[in-house]
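Visitor: Structure file run.cif (mmCIF, C-alpha atoms; chains and numbers go by the auth columns) is given on the next line.
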```cif
data_run
#
loop_
_atom_site.group_PDB
_atom_site.id
_atom_site.type_symbol
_atom_site.label_atom_id
_atom_site.label_comp_id
_atom_site.label_asym_id
_atom_site.label_seq_id
_atom_site.Cartn_x
_atom_site.Cartn_y
_atom_site.Cartn_z
_atom_site.B_iso_or_equiv
_atom_site.auth_seq_id
_atom_site.auth_asym_id
ATOM 1 C CA MET A 1 -18.603 36.274 -1.525 0.00 151 A
ATOM 2 C CA ARG A 2 -18.124 33.701 -4.262 0.00 152 A
ATOM 3 C CA LEU A 3 -17.581 30.053 -3.383 0.00 153 A
ATOM 4 C CA ALA A 4 -14.065 30.125 -4.856 0.00 154 A
ATOM 5 C CA GLU A 5 -13.138 33.013 -2.549 0.00 155 A
ATOM 6 C CA ARG A 6 -14.522 31.183 0.486 0.00 156 A
ATOM 7 C CA LEU A 7 -12.531 28.093 -0.353 0.00 157 A
ATOM 8 C CA GLN A 8 -9.302 29.980 -1.018 0.00 158 A
ATOM 9 C CA PRO A 9 -7.983 29.755 2.588 0.00 159 A
ATOM 10 C CA PHE A 10 -8.411 25.968 2.496 0.00 160 A
ATOM 11 C CA LEU A 11 -6.561 25.716 -0.816 0.00 161 A
ATOM 12 C CA ALA A 12 -3.406 27.362 0.505 0.00 162 A
ATOM 13 C CA TRP A 13 -0.444 25.219 1.527 0.00 163 A
ATOM 14 C CA PRO A 14 0.290 23.894 4.118 0.00 164 A
ATOM 15 C CA ARG A 15 -3.247 24.270 5.463 0.00 165 A
ATOM 16 C CA ALA A 16 -4.625 22.274 2.534 0.00 166 A
ATOM 17 C CA ARG A 17 -2.582 19.263 3.622 0.00 167 A
ATOM 18 C CA ARG A 18 -3.839 19.467 7.216 0.00 168 A
ATOM 19 C CA VAL A 19 -7.440 19.888 6.053 0.00 169 A
ATOM 20 C CA ALA A 20 -7.160 16.937 3.672 0.00 170 A
ATOM 21 C CA VAL A 21 -5.776 14.637 6.383 0.00 171 A
ATOM 22 C CA GLY A 22 -8.477 15.763 8.822 0.00 172 A
ATOM 23 C CA VAL A 23 -11.304 15.257 6.327 0.00 173 A
ATOM 24 C CA ALA A 24 -9.971 11.839 5.334 0.00 174 A
ATOM 25 C CA LEU A 25 -9.805 10.694 8.965 0.00 175 A
ATOM 26 C CA LEU A 26 -13.278 12.075 9.680 0.00 176 A
ATOM 27 C CA LEU A 27 -14.750 10.121 6.789 0.00 177 A
ATOM 28 C CA ALA A 28 -12.899 6.938 7.773 0.00 178 A
ATOM 29 C CA ALA A 29 -13.588 7.175 11.525 0.00 179 A
ATOM 30 C CA PRO A 30 -16.714 4.933 11.420 0.00 180 A
ATOM 31 C CA SER A 31 -14.396 2.029 10.569 0.00 181 A
ATOM 32 C CA LEU A 32 -13.441 1.954 14.271 0.00 182 A
ATOM 33 C CA GLY A 33 -16.724 0.126 14.872 0.00 183 A
ATOM 34 C CA MET A 34 -16.484 -2.164 11.863 0.00 184 A
ATOM 35 C CA GLY A 35 -14.928 -5.167 13.607 0.00 185 A
ATOM 36 C CA PHE A 36 -13.369 -8.039 11.688 0.00 186 A
ATOM 37 C CA PHE A 37 -14.492 -8.691 8.108 0.00 187 A
ATOM 38 C CA LEU A 38 -13.938 -11.699 5.797 0.00 188 A
ATOM 39 C CA ASP A 39 -10.153 -12.362 5.622 0.00 189 A
ATOM 40 C CA ASP A 40 -9.680 -10.539 8.929 0.00 190 A
ATOM 41 C CA ASN A 41 -11.160 -13.597 10.638 0.00 191 A
ATOM 42 C CA VAL A 42 -8.648 -15.884 8.898 0.00 192 A
ATOM 43 C CA HIS A 43 -5.793 -13.681 10.088 0.00 193 A
ATOM 44 C CA ALA A 44 -7.208 -13.677 13.625 0.00 194 A
ATOM 45 C CA VAL A 45 -7.423 -17.484 13.665 0.00 195 A
ATOM 46 C CA GLN A 46 -3.884 -17.797 12.310 0.00 196 A
ATOM 47 C CA ALA A 47 -2.582 -15.373 14.897 0.00 197 A
ATOM 48 C CA ALA A 48 -4.123 -17.612 17.565 0.00 198 A
ATOM 49 C CA GLY A 49 -2.042 -20.517 16.232 0.00 199 A
ATOM 50 C CA ALA A 50 -4.515 -22.386 13.996 0.00 200 A
ATOM 51 C CA ARG A 51 -2.496 -21.883 10.824 0.00 201 A
ATOM 52 C CA PHE A 52 -3.733 -23.538 7.629 0.00 202 A
ATOM 53 C CA ILE A 53 -0.794 -22.924 5.283 0.00 203 A
ATOM 54 C CA GLY A 54 2.278 -20.753 5.606 0.00 204 A
ATOM 55 C CA GLY A 55 4.318 -19.767 8.592 0.00 205 A
ATOM 56 C CA PRO A 56 4.614 -16.873 11.035 0.00 206 A
ATOM 57 C CA PHE A 57 4.923 -13.457 9.373 0.00 207 A
ATOM 58 C CA ASP A 58 3.438 -14.992 6.224 0.00 208 A
ATOM 59 C CA GLU A 59 -0.155 -13.919 6.762 0.00 209 A
ATOM 60 C CA PHE A 60 -0.968 -13.601 3.065 0.00 210 A
ATOM 61 C CA THR A 61 -0.267 -17.164 1.978 0.00 211 A
ATOM 62 C CA PHE A 62 -3.769 -18.614 1.922 0.00 212 A
ATOM 63 C CA VAL A 63 -3.089 -21.442 -0.552 0.00 213 A
ATOM 64 C CA ASP A 64 0.374 -22.188 -1.920 0.00 214 A
ATOM 65 C CA GLY A 65 -0.510 -24.366 -4.939 0.00 215 A
ATOM 66 C CA ASP A 66 0.579 -27.647 -3.331 0.00 216 A
ATOM 67 C CA PRO A 67 -2.283 -30.214 -3.597 0.00 217 A
ATOM 68 C CA SER A 68 -0.875 -32.202 -0.659 0.00 218 A
ATOM 69 C CA LYS A 69 -1.549 -29.170 1.557 0.00 219 A
ATOM 70 C CA THR A 70 -4.729 -27.984 -0.137 0.00 220 A
ATOM 71 C CA LEU A 71 -6.710 -31.257 -0.227 0.00 221 A
ATOM 72 C CA PRO A 72 -6.615 -31.879 3.552 0.00 222 A
ATOM 73 C CA ASN A 73 -8.112 -28.418 4.014 0.00 223 A
ATOM 74 C CA VAL A 74 -10.835 -29.351 1.517 0.00 224 A
ATOM 75 C CA ARG A 75 -11.669 -32.568 3.376 0.00 225 A
ATOM 76 C CA ARG A 76 -11.819 -31.071 6.854 0.00 226 A
ATOM 77 C CA GLY A 77 -12.400 -27.419 5.947 0.00 227 A
ATOM 78 C CA PRO A 78 -12.243 -24.514 5.601 0.00 228 A
ATOM 79 C CA PHE A 79 -11.897 -24.811 1.791 0.00 229 A
ATOM 80 C CA PRO A 80 -15.046 -25.763 -0.201 0.00 230 A
ATOM 81 C CA TRP A 81 -15.218 -29.044 -2.117 0.00 231 A
ATOM 82 C CA TRP A 82 -14.854 -27.371 -5.533 0.00 232 A
ATOM 83 C CA THR A 83 -11.425 -25.902 -4.704 0.00 233 A
ATOM 84 C CA GLU A 84 -8.876 -26.484 -7.461 0.00 234 A
ATOM 85 C CA PRO A 85 -6.114 -28.673 -5.901 0.00 235 A
ATOM 86 C CA GLU A 86 -3.394 -26.471 -7.419 0.00 236 A
ATOM 87 C CA LEU A 87 -5.063 -23.196 -6.426 0.00 237 A
ATOM 88 C CA LYS A 88 -2.493 -20.603 -5.393 0.00 238 A
ATOM 89 C CA LEU A 89 -3.081 -17.404 -3.460 0.00 239 A
ATOM 90 C CA SER A 90 0.241 -16.444 -1.933 0.00 240 A
ATOM 91 C CA PHE A 91 1.502 -12.882 -1.615 0.00 241 A
ATOM 92 C CA PHE A 92 4.914 -11.738 -0.397 0.00 242 A
ATOM 93 C CA ARG A 93 4.085 -8.990 2.113 0.00 243 A
ATOM 94 C CA PRO A 94 6.501 -9.443 5.026 0.00 244 A
ATOM 95 C CA LEU A 95 6.148 -5.960 6.524 0.00 245 A
ATOM 96 C CA SER A 96 2.345 -6.024 6.365 0.00 246 A
ATOM 97 C CA SER A 97 2.367 -9.509 7.892 0.00 247 A
ATOM 98 C CA ALA A 98 4.662 -8.413 10.725 0.00 248 A
ATOM 99 C CA LEU A 99 2.396 -5.448 11.512 0.00 249 A
ATOM 100 C CA MET A 100 -0.628 -7.782 11.654 0.00 250 A
ATOM 101 C CA VAL A 101 1.173 -10.101 14.057 0.00 251 A
ATOM 102 C CA LEU A 102 2.103 -7.072 16.172 0.00 252 A
ATOM 103 C CA ASP A 103 -1.536 -5.939 16.258 0.00 253 A
ATOM 104 C CA HIS A 104 -2.707 -9.317 17.508 0.00 254 A
ATOM 105 C CA HIS A 105 -0.023 -9.346 20.199 0.00 255 A
ATOM 106 C CA VAL A 106 -0.935 -5.832 21.359 0.00 256 A
ATOM 107 C CA PHE A 107 -4.721 -5.709 20.845 0.00 257 A
ATOM 108 C CA GLY A 108 -5.747 -9.371 20.704 0.00 258 A
ATOM 109 C CA LEU A 109 -9.322 -9.531 19.388 0.00 259 A
ATOM 110 C CA TRP A 110 -10.098 -5.902 20.252 0.00 260 A
ATOM 111 C CA ALA A 111 -10.874 -4.785 16.704 0.00 261 A
ATOM 112 C CA PRO A 112 -10.918 -0.989 17.323 0.00 262 A
ATOM 113 C CA GLY A 113 -7.200 -1.118 18.132 0.00 263 A
ATOM 114 C CA HIS A 114 -6.471 -2.791 14.791 0.00 264 A
ATOM 115 C CA HIS A 115 -8.589 -0.196 12.988 0.00 265 A
ATOM 116 C CA LEU A 116 -6.915 2.702 14.784 0.00 266 A
ATOM 117 C CA HIS A 117 -3.599 1.395 13.459 0.00 267 A
ATOM 118 C CA SER A 118 -5.050 1.380 9.937 0.00 268 A
ATOM 119 C CA LEU A 119 -6.294 4.956 10.334 0.00 269 A
ATOM 120 C CA LEU A 120 -2.773 6.081 11.194 0.00 270 A
ATOM 121 C CA TRP A 121 -1.543 4.544 7.945 0.00 271 A
ATOM 122 C CA PHE A 122 -4.414 6.194 6.085 0.00 272 A
ATOM 123 C CA ALA A 123 -3.463 9.586 7.522 0.00 273 A
ATOM 124 C CA ALA A 124 0.137 9.009 6.424 0.00 274 A
ATOM 125 C CA PHE A 125 -1.149 8.037 2.966 0.00 275 A
ATOM 126 C CA VAL A 126 -2.992 11.332 2.483 0.00 276 A
ATOM 127 C CA PHE A 127 -0.068 13.277 3.992 0.00 277 A
ATOM 128 C CA ALA A 128 2.393 11.657 1.561 0.00 278 A
ATOM 129 C CA ALA A 129 0.086 12.432 -1.343 0.00 279 A
ATOM 130 C CA GLY A 130 0.013 16.017 -0.111 0.00 280 A
ATOM 131 C CA LEU A 131 3.796 16.275 -0.145 0.00 281 A
ATOM 132 C CA LEU A 132 3.910 14.958 -3.695 0.00 282 A
ATOM 133 C CA LEU A 133 1.116 17.180 -4.999 0.00 283 A
ATOM 134 C CA HIS A 134 2.621 20.236 -3.339 0.00 284 A
ATOM 135 C CA GLU A 135 5.885 19.507 -5.139 0.00 285 A
ATOM 136 C CA ALA A 136 4.282 18.768 -8.516 0.00 286 A
ATOM 137 C CA LEU A 137 1.336 21.240 -8.380 0.00 287 A
ATOM 138 C CA PRO A 138 2.240 23.830 -5.716 0.00 288 A
ATOM 139 C CA GLY A 139 -0.767 26.118 -6.228 0.00 289 A
ATOM 140 C CA ALA A 140 -4.499 25.848 -5.627 0.00 290 A
ATOM 141 C CA LEU A 141 -4.782 23.205 -8.345 0.00 291 A
ATOM 142 C CA GLY A 142 -2.650 20.772 -6.343 0.00 292 A
ATOM 143 C CA ALA A 143 -4.520 21.593 -3.128 0.00 293 A
ATOM 144 C CA GLY A 144 -7.844 20.945 -4.821 0.00 294 A
ATOM 145 C CA ALA A 145 -6.552 17.679 -6.224 0.00 295 A
ATOM 146 C CA LEU A 146 -5.459 16.634 -2.733 0.00 296 A
ATOM 147 C CA LEU A 147 -8.875 17.367 -1.248 0.00 297 A
ATOM 148 C CA LEU A 148 -10.503 15.271 -3.965 0.00 298 A
ATOM 149 C CA PHE A 149 -7.974 12.532 -3.261 0.00 299 A
ATOM 150 C CA ALA A 150 -8.827 12.643 0.454 0.00 300 A
ATOM 151 C CA ILE A 151 -12.563 12.115 -0.112 0.00 301 A
ATOM 152 C CA ASP A 152 -12.256 9.500 -2.868 0.00 302 A
ATOM 153 C CA ASP A 153 -14.696 6.734 -1.949 0.00 303 A
ATOM 154 C CA THR A 154 -12.390 4.007 -3.293 0.00 304 A
ATOM 155 C CA HIS A 155 -10.208 4.520 -0.215 0.00 305 A
ATOM 156 C CA TRP A 156 -12.808 2.890 2.003 0.00 306 A
ATOM 157 C CA MET A 157 -11.270 -0.547 1.492 0.00 307 A
ATOM 158 C CA PRO A 158 -7.669 0.041 2.627 0.00 308 A
ATOM 159 C CA ALA A 159 -8.832 2.432 5.358 0.00 309 A
ATOM 160 C CA SER A 160 -11.545 0.137 6.747 0.00 310 A
ATOM 161 C CA TRP A 161 -10.706 -3.455 5.825 0.00 311 A
ATOM 162 C CA LEU A 162 -7.832 -4.690 7.949 0.00 312 A
ATOM 163 C CA ALA A 163 -6.835 -7.379 5.448 0.00 313 A
ATOM 164 C CA ASN A 164 -6.380 -4.663 2.818 0.00 314 A
ATOM 165 C CA ARG A 165 -4.204 -2.420 4.999 0.00 315 A
ATOM 166 C CA ASN A 166 -1.246 -3.885 3.100 0.00 316 A
ATOM 167 C CA SER A 167 -2.010 -1.545 0.203 0.00 317 A
ATOM 168 C CA LEU A 168 -1.423 1.425 2.536 0.00 318 A
ATOM 169 C CA VAL A 169 1.723 -0.127 4.006 0.00 319 A
ATOM 170 C CA ALA A 170 2.972 -0.559 0.425 0.00 320 A
ATOM 171 C CA ASN A 171 1.896 2.793 -0.974 0.00 321 A
ATOM 172 C CA VAL A 172 2.818 5.188 1.839 0.00 322 A
ATOM 173 C CA PRO A 173 6.598 4.655 1.501 0.00 323 A
ATOM 174 C CA ALA A 174 6.197 4.345 -2.277 0.00 324 A
ATOM 175 C CA LEU A 175 4.575 7.804 -2.420 0.00 325 A
ATOM 176 C CA PHE A 176 7.430 9.197 -0.351 0.00 326 A
ATOM 177 C CA ALA A 177 9.764 7.591 -2.900 0.00 327 A
ATOM 178 C CA VAL A 178 8.019 9.365 -5.801 0.00 328 A
ATOM 179 C CA PHE A 179 8.214 12.655 -3.867 0.00 329 A
ATOM 180 C CA ALA A 180 11.933 12.097 -3.224 0.00 330 A
ATOM 181 C CA HIS A 181 12.512 11.361 -6.905 0.00 331 A
ATOM 182 C CA VAL A 182 10.825 14.597 -7.970 0.00 332 A
ATOM 183 C CA ARG A 183 12.877 16.508 -5.381 0.00 333 A
ATOM 184 C CA TRP A 184 16.084 14.818 -6.519 0.00 334 A
ATOM 185 C CA ARG A 185 15.483 15.723 -10.150 0.00 335 A
ATOM 186 C CA ALA A 186 14.493 19.295 -9.254 0.00 336 A
ATOM 187 C CA THR A 187 17.404 20.026 -6.912 0.00 337 A
ATOM 188 C CA GLY A 188 20.136 17.624 -8.025 0.00 338 A
ATOM 189 C CA ASP A 189 20.683 16.619 -4.386 0.00 339 A
ATOM 190 C CA ARG A 190 21.591 12.928 -4.605 0.00 340 A
ATOM 191 C CA ARG A 191 20.614 12.363 -0.985 0.00 341 A
ATOM 192 C CA TYR A 192 17.054 12.237 -2.245 0.00 342 A
ATOM 193 C CA LEU A 193 18.033 9.250 -4.400 0.00 343 A
ATOM 194 C CA TRP A 194 18.629 7.253 -1.222 0.00 344 A
ATOM 195 C CA GLY A 195 15.138 8.274 -0.147 0.00 345 A
ATOM 196 C CA VAL A 196 13.781 6.933 -3.429 0.00 346 A
ATOM 197 C CA LEU A 197 15.441 3.552 -2.966 0.00 347 A
ATOM 198 C CA ALA A 198 14.593 3.287 0.741 0.00 348 A
ATOM 199 C CA GLY A 199 10.958 4.211 0.073 0.00 349 A
ATOM 200 C CA LEU A 200 10.583 1.706 -2.742 0.00 350 A
ATOM 201 C CA ALA A 201 12.277 -1.102 -0.804 0.00 351 A
ATOM 202 C CA THR A 202 10.022 -0.497 2.194 0.00 352 A
ATOM 203 C CA GLY A 203 6.973 -0.311 -0.054 0.00 353 A
ATOM 204 C CA PHE A 204 7.861 -3.617 -1.726 0.00 354 A
ATOM 205 C CA ALA A 205 8.092 -5.198 1.739 0.00 355 A
ATOM 206 C CA GLY A 206 4.564 -3.950 2.363 0.00 356 A
ATOM 207 C CA GLY A 207 3.123 -5.462 -0.784 0.00 357 A
ATOM 208 C CA GLU A 208 3.166 -5.667 -4.541 0.00 358 A
ATOM 209 C CA ALA A 209 0.947 -2.564 -4.787 0.00 359 A
ATOM 210 C CA ALA A 210 4.139 -0.510 -4.470 0.00 360 A
ATOM 211 C CA LEU A 211 5.079 -1.534 -8.003 0.00 361 A
ATOM 212 C CA GLY A 212 2.568 1.021 -9.248 0.00 362 A
ATOM 213 C CA SER A 213 4.888 3.792 -8.093 0.00 363 A
ATOM 214 C CA VAL A 214 7.488 2.606 -10.611 0.00 364 A
ATOM 215 C CA GLY A 215 4.969 3.419 -13.325 0.00 365 A
ATOM 216 C CA TYR A 216 4.631 6.970 -11.986 0.00 366 A
ATOM 217 C CA LEU A 217 8.397 7.385 -12.060 0.00 367 A
ATOM 218 C CA LEU A 218 8.563 6.080 -15.634 0.00 368 A
ATOM 219 C CA ALA A 219 5.797 8.503 -16.653 0.00 369 A
ATOM 220 C CA TYR A 220 7.555 11.382 -14.896 0.00 370 A
ATOM 221 C CA GLU A 221 10.799 10.813 -16.763 0.00 371 A
ATOM 222 C CA ALA A 222 8.997 10.142 -20.054 0.00 372 A
ATOM 223 C CA THR A 223 7.319 13.564 -19.922 0.00 373 A
ATOM 224 C CA ARG A 224 10.294 15.475 -18.522 0.00 374 A
ATOM 225 C CA SER A 225 12.429 17.623 -20.766 0.00 375 A
ATOM 226 C CA GLY A 226 16.121 16.906 -21.109 0.00 376 A
ATOM 227 C CA PRO A 227 18.417 14.434 -22.839 0.00 377 A
ATOM 228 C CA LEU A 228 16.984 10.928 -23.117 0.00 378 A
ATOM 229 C CA ARG A 229 20.222 9.400 -21.852 0.00 379 A
ATOM 230 C CA GLU A 230 20.046 11.456 -18.664 0.00 380 A
ATOM 231 C CA ARG A 231 16.441 10.450 -18.022 0.00 381 A
ATOM 232 C CA LEU A 232 17.209 6.779 -18.589 0.00 382 A
ATOM 233 C CA ARG A 233 20.170 7.021 -16.230 0.00 383 A
ATOM 234 C CA ALA A 234 17.920 8.547 -13.564 0.00 384 A
ATOM 235 C CA LEU A 235 15.561 5.568 -13.883 0.00 385 A
ATOM 236 C CA GLY A 236 18.369 2.997 -13.707 0.00 386 A
ATOM 237 C CA PRO A 237 18.409 2.451 -9.910 0.00 387 A
ATOM 238 C CA VAL A 238 14.608 2.278 -9.791 0.00 388 A
ATOM 239 C CA VAL A 239 14.400 -0.287 -12.585 0.00 389 A
ATOM 240 C CA VAL A 240 17.158 -2.422 -11.045 0.00 390 A
ATOM 241 C CA LEU A 241 15.445 -2.394 -7.653 0.00 391 A
ATOM 242 C CA GLY A 242 12.106 -3.238 -9.254 0.00 392 A
ATOM 243 C CA LEU A 243 13.596 -6.180 -11.148 0.00 393 A
ATOM 244 C CA LEU A 244 15.308 -7.467 -7.994 0.00 394 A
ATOM 245 C CA TYR A 245 11.955 -7.320 -6.209 0.00 395 A
ATOM 246 C CA VAL A 246 10.211 -9.273 -8.991 0.00 396 A
ATOM 247 C CA VAL A 247 12.939 -11.935 -8.888 0.00 397 A
ATOM 248 C CA LEU A 248 12.649 -12.198 -5.090 0.00 398 A
ATOM 249 C CA TYR A 249 8.840 -12.343 -5.347 0.00 399 A
ATOM 250 C CA ARG A 250 9.072 -15.309 -7.696 0.00 400 A
ATOM 251 C CA LYS A 251 11.862 -16.894 -5.651 0.00 401 A
ATOM 252 C CA MET A 252 9.632 -16.808 -2.575 0.00 402 A
ATOM 253 C CA GLY A 253 6.961 -18.702 -4.512 0.00 403 A
ATOM 254 C CA ALA A 254 4.470 -15.839 -4.347 0.00 404 A
ATOM 255 C CA GLY A 255 1.714 -15.318 -6.885 0.00 405 A
ATOM 256 C CA ALA A 256 -1.803 -16.374 -7.826 0.00 406 A
ATOM 257 C CA ARG A 257 -3.075 -19.238 -9.969 0.00 407 A
ATOM 258 C CA TYR A 258 -6.485 -20.730 -10.802 0.00 408 A
ATOM 259 C CA SER A 259 -8.276 -17.830 -9.144 0.00 409 A
ATOM 260 C CA SER A 260 -10.482 -15.059 -10.460 0.00 410 A
ATOM 261 C CA THR A 261 -9.579 -12.771 -7.513 0.00 411 A
#
```
Please re-express this file's structure in structure tokens.

Guide:
Amino acid sequence: MRLAERLQPFLAWPRARRVAVGVALLLAAPSLGMGFFLDDNVHAVQAAGARFIGGPFDEFTFVDGDPSKTLPNVRRGPFPWWTEPELKLSFFRPLSSALMVLDHHVFGLWAPGHHLHSLLWFAAFVFAAGLLLHEALPGALGAGALLLFAIDDTHWMPASWLANRNSLVANVPALFAVFAHVRWRATGDRRYLWGVLAGLATGFAGGEAALGSVGYLLAYEATRSGPLRERLRALGPVVVLGLLYVVLYRKMGAGARYSST
């Protein structure tokens, strides 16, 4: 029997989606023993009450660009002496911050509990990708693409590094939003439009990584057949929501400055 014939049962939907989620979790399972890593320790210290800059549910404001707050942390630590006084590393991720605070309330310093939470988000990430690929590429091609997506080694960071879980929290609802948009345009059912907006809004609350989904929606409409006016009208709510998010992001003082990261 040829390899393609042996793989055929695993490339049939919905089994392909279940297999992809299972393989992804199997590959990521060693992260349960990883413990805390780099920024995870900062978040743990802040959760214990020793906050450097920022307030509760603002776990991703490390430096806010105010020299009067930065310099004392240079003098007494933890910032090194060469820190630029106006350095800014502040990211608006309220949902991801709230989930981190919840983890520390529930699990304390028991790292496996935090990592188990991340694995659940990772499973949802692969599942959401499966929904989208099944809609866009319903045959074996989409199933194969999903399996490749599930084993992509670049996923080690959001799946294993707690401080990077925000990219999953941002992208899971954003992927559901892209799926809902494709369904809306295919069926004309405007209820899916509410799914698009809810998914994007939730993704933006998770982190700025959700903005990437707007690019997918732009590309989808750019390559879709039909009157240009209709396609632009379909993108209107998405663009408005994206612009509102950017304005809010700036209003909250988020962003990065004087940093190569």

Visitor: Quick one: apply the PyMOL selection byres ((chain A and resi 300) around 7) to the file and drop the selected residues here as an mmCIF file with C-alpha atoms, in the frame of the given file.

Guide:
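The resulting file, selection-v2.cif, is reproduced below:
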```cif
data_model
loop_
_atom_site.group_PDB
_atom_site.id
_atom_site.type_symbol
_atom_site.label_atom_id
_atom_site.label_comp_id
_atom_site.auth_asym_id
_atom_site.auth_seq_id
_atom_site.Cartn_x
_atom_site.Cartn_y
_atom_site.Cartn_z
ATOM 1 C CA ALA A 170 -7.160 16.937 3.672
ATOM 2 C CA VAL A 171 -5.776 14.637 6.383
ATOM 3 C CA VAL A 173 -11.304 15.257 6.327
ATOM 4 C CA ALA A 174 -9.971 11.839 5.334
ATOM 5 C CA VAL A 276 -2.992 11.332 2.483
ATOM 6 C CA LEU A 296 -5.459 16.634 -2.733
ATOM 7 C CA LEU A 297 -8.875 17.367 -1.248
ATOM 8 C CA LEU A 298 -10.503 15.271 -3.965
ATOM 9 C CA PHE A 299 -7.974 12.532 -3.261
ATOM 10 C CA ILE A 301 -12.563 12.115 -0.112
ATOM 11 C CA ASP A 302 -12.256 9.500 -2.868
#
```

Visitor: Write out as an mmCIF file with C-alpha atoms, keeping the file's coordinate frame the residues lying within 6 Å of segment 207-212 of chain A, counting all atoms listed in the file and excluding same-chain residues fewer than 6 positions away.

Guide:
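Output below, filename result19.cif:
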```cif
data_model
loop_
_atom_site.group_PDB
_atom_site.id
_atom_site.type_symbol
_atom_site.label_atom_id
_atom_site.label_comp_id
_atom_site.auth_asym_id
_atom_site.auth_seq_id
_atom_site.Cartn_x
_atom_site.Cartn_y
_atom_site.Cartn_z
ATOM 1 C CA LEU A 239 -3.081 -17.404 -3.460
ATOM 2 C CA SER A 240 0.241 -16.444 -1.933
ATOM 3 C CA PHE A 241 1.502 -12.882 -1.615
ATOM 4 C CA SER A 247 2.367 -9.509 7.892
ATOM 5 C CA ALA A 248 4.662 -8.413 10.725
#
```

Visitor: With the PyMOL selection byres ((chain A and resi 308) around 12) as the selection, what would be picked from this file? Answer as a ChimeraX atom specification, please.

Guide: /A:178,181,265,267-273,275,302-307,309-322,359

Visitor: Run through the PyMOL selection byres ((chain A and resi 408) around 12) on the given coordinates and return the selected residues as number ranges by chain.

Guide: A: 213-215, 232-240, 405-407, 409-411

Visitor: List as a VMD selection string the protein and nucleic acid residues near Arg333 of chain A, meaning an atom at most 12 Å away when only C-alpha atoms are counted, but skip any in the same chain fewer than 3 places from it.

Guide: chain A and resid 281 to 286 326 to 330 336 to 346

Visitor: Quote the spacing between atom CA of Pro262 of chain A and atom CA of Met184 of chain A in Å to one decimal place.

Guide: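 Spanning atom CA of Pro262 of chain A to atom CA of Met184 of chain A is a straight-line distance of 7.9 Å.
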
Visitor: May I ask for the distance between atom CA of Arg243 of chain A and atom CA of Pro217 of chain A, given in Å to one decimal place?

Guide: 22.9 Å

Visitor: Taking all atoms listed in the file into account, which of A:Tyr395, A:Tyr366, A:Phe229, A:Phe277 comes nearest Gly353 of chain A?

Guide: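 Of the candidates, the smallest distance to Gly353 of chain A is held by A:Tyr395.
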
Visitor: Of the candidates A:Gly357, A:Gly289, A:Gly263, A:Pro377, which one gets nearest to Gly183 of chain A if we count only C-alpha atoms?

Guide: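 Of all the options, A:Gly263 lies closest to Gly183 of chain A.
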
Visitor: For atom CA of Arg167 of chain A and atom CA of Ala278 of chain A, quote the distance in Å rounded to one decimal.

Guide: 9.3 Å

Visitor: If you take every atom of segment 220-226 of chain A that the file lists and fit an axis-aligned box around them with 5 Å extra on each side, what centre and edge lengths come out in Å to one decimal, as JSON?

Guide:
```
{"center_x": -8.3, "center_y": -30.3, "center_z": 3.3, "size_x": 17.1, "size_y": 14.6, "size_z": 17.1}
```

Visitor: Please list as a PyMOL selection string every residue within 12 Å of Val364 of chain A, counting only C-alpha atoms and excluding residues in the same chain fewer than 2 positions away.

Guide: chain A and resi 321+324-325+327-328+331+346-347+349-351+353-354+358-362+366-371+385-393+395

Visitor: Taking only C-alpha atoms into account, name the residue in A:Leu266, A:Val192, A:Ala355, A:Ala274 that is nearest to Ser246 of chain A.

Guide: A:Ala355

Visitor: So which one's closest to Ala197 of chain A, A:Arg226, A:Asp216, A:Leu252, A:Pro244? Using only C-alpha atoms, please.

Guide: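 The closest residue to Ala197 of chain A is A:Leu252.
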
Visitor: Select, from A:Arg335, A:Phe186, A:Ala290, A:Gly356, the residue with the minimum atom-to-atom distance to Arg381 of chain A, counting only C-alpha atoms.

Guide: A:Arg335

Visitor: How would segment 397-405 of chain A look with N, CA and C atoms restored, written as a short mmCIF file (atom, residue, chain, number, x, y, z; two decimals), in the frame of the given file?

Guide:
```cif
data_model
loop_
_atom_site.label_atom_id
_atom_site.label_comp_id
_atom_site.auth_asym_id
_atom_site.auth_seq_id
_atom_site.Cartn_x
_atom_site.Cartn_y
_atom_site.Cartn_z
N VAL A 397 12.21 -10.66 -9.00
CA VAL A 397 12.94 -11.94 -8.89
C VAL A 397 12.74 -12.54 -7.50
N LEU A 398 12.85 -11.71 -6.46
CA LEU A 398 12.65 -12.20 -5.09
C LEU A 398 11.22 -12.69 -4.89
N TYR A 399 10.26 -11.96 -5.46
CA TYR A 399 8.84 -12.34 -5.35
C TYR A 399 8.61 -13.74 -5.91
N ARG A 400 9.21 -13.99 -7.07
CA ARG A 400 9.07 -15.31 -7.70
C ARG A 400 9.86 -16.36 -6.91
N LYS A 401 11.02 -15.97 -6.41
CA LYS A 401 11.86 -16.89 -5.65
C LYS A 401 11.16 -17.35 -4.38
N MET A 402 10.36 -16.48 -3.79
CA MET A 402 9.63 -16.81 -2.58
C MET A 402 8.38 -17.62 -2.86
N GLY A 403 8.12 -17.90 -4.14
CA GLY A 403 6.96 -18.70 -4.51
C GLY A 403 5.65 -17.96 -4.44
N ALA A 404 5.70 -16.63 -4.44
CA ALA A 404 4.47 -15.84 -4.35
C ALA A 404 3.78 -15.73 -5.70
N GLY A 405 2.49 -15.47 -5.67
CA GLY A 405 1.71 -15.32 -6.88
C GLY A 405 0.33 -15.92 -6.74
#
```
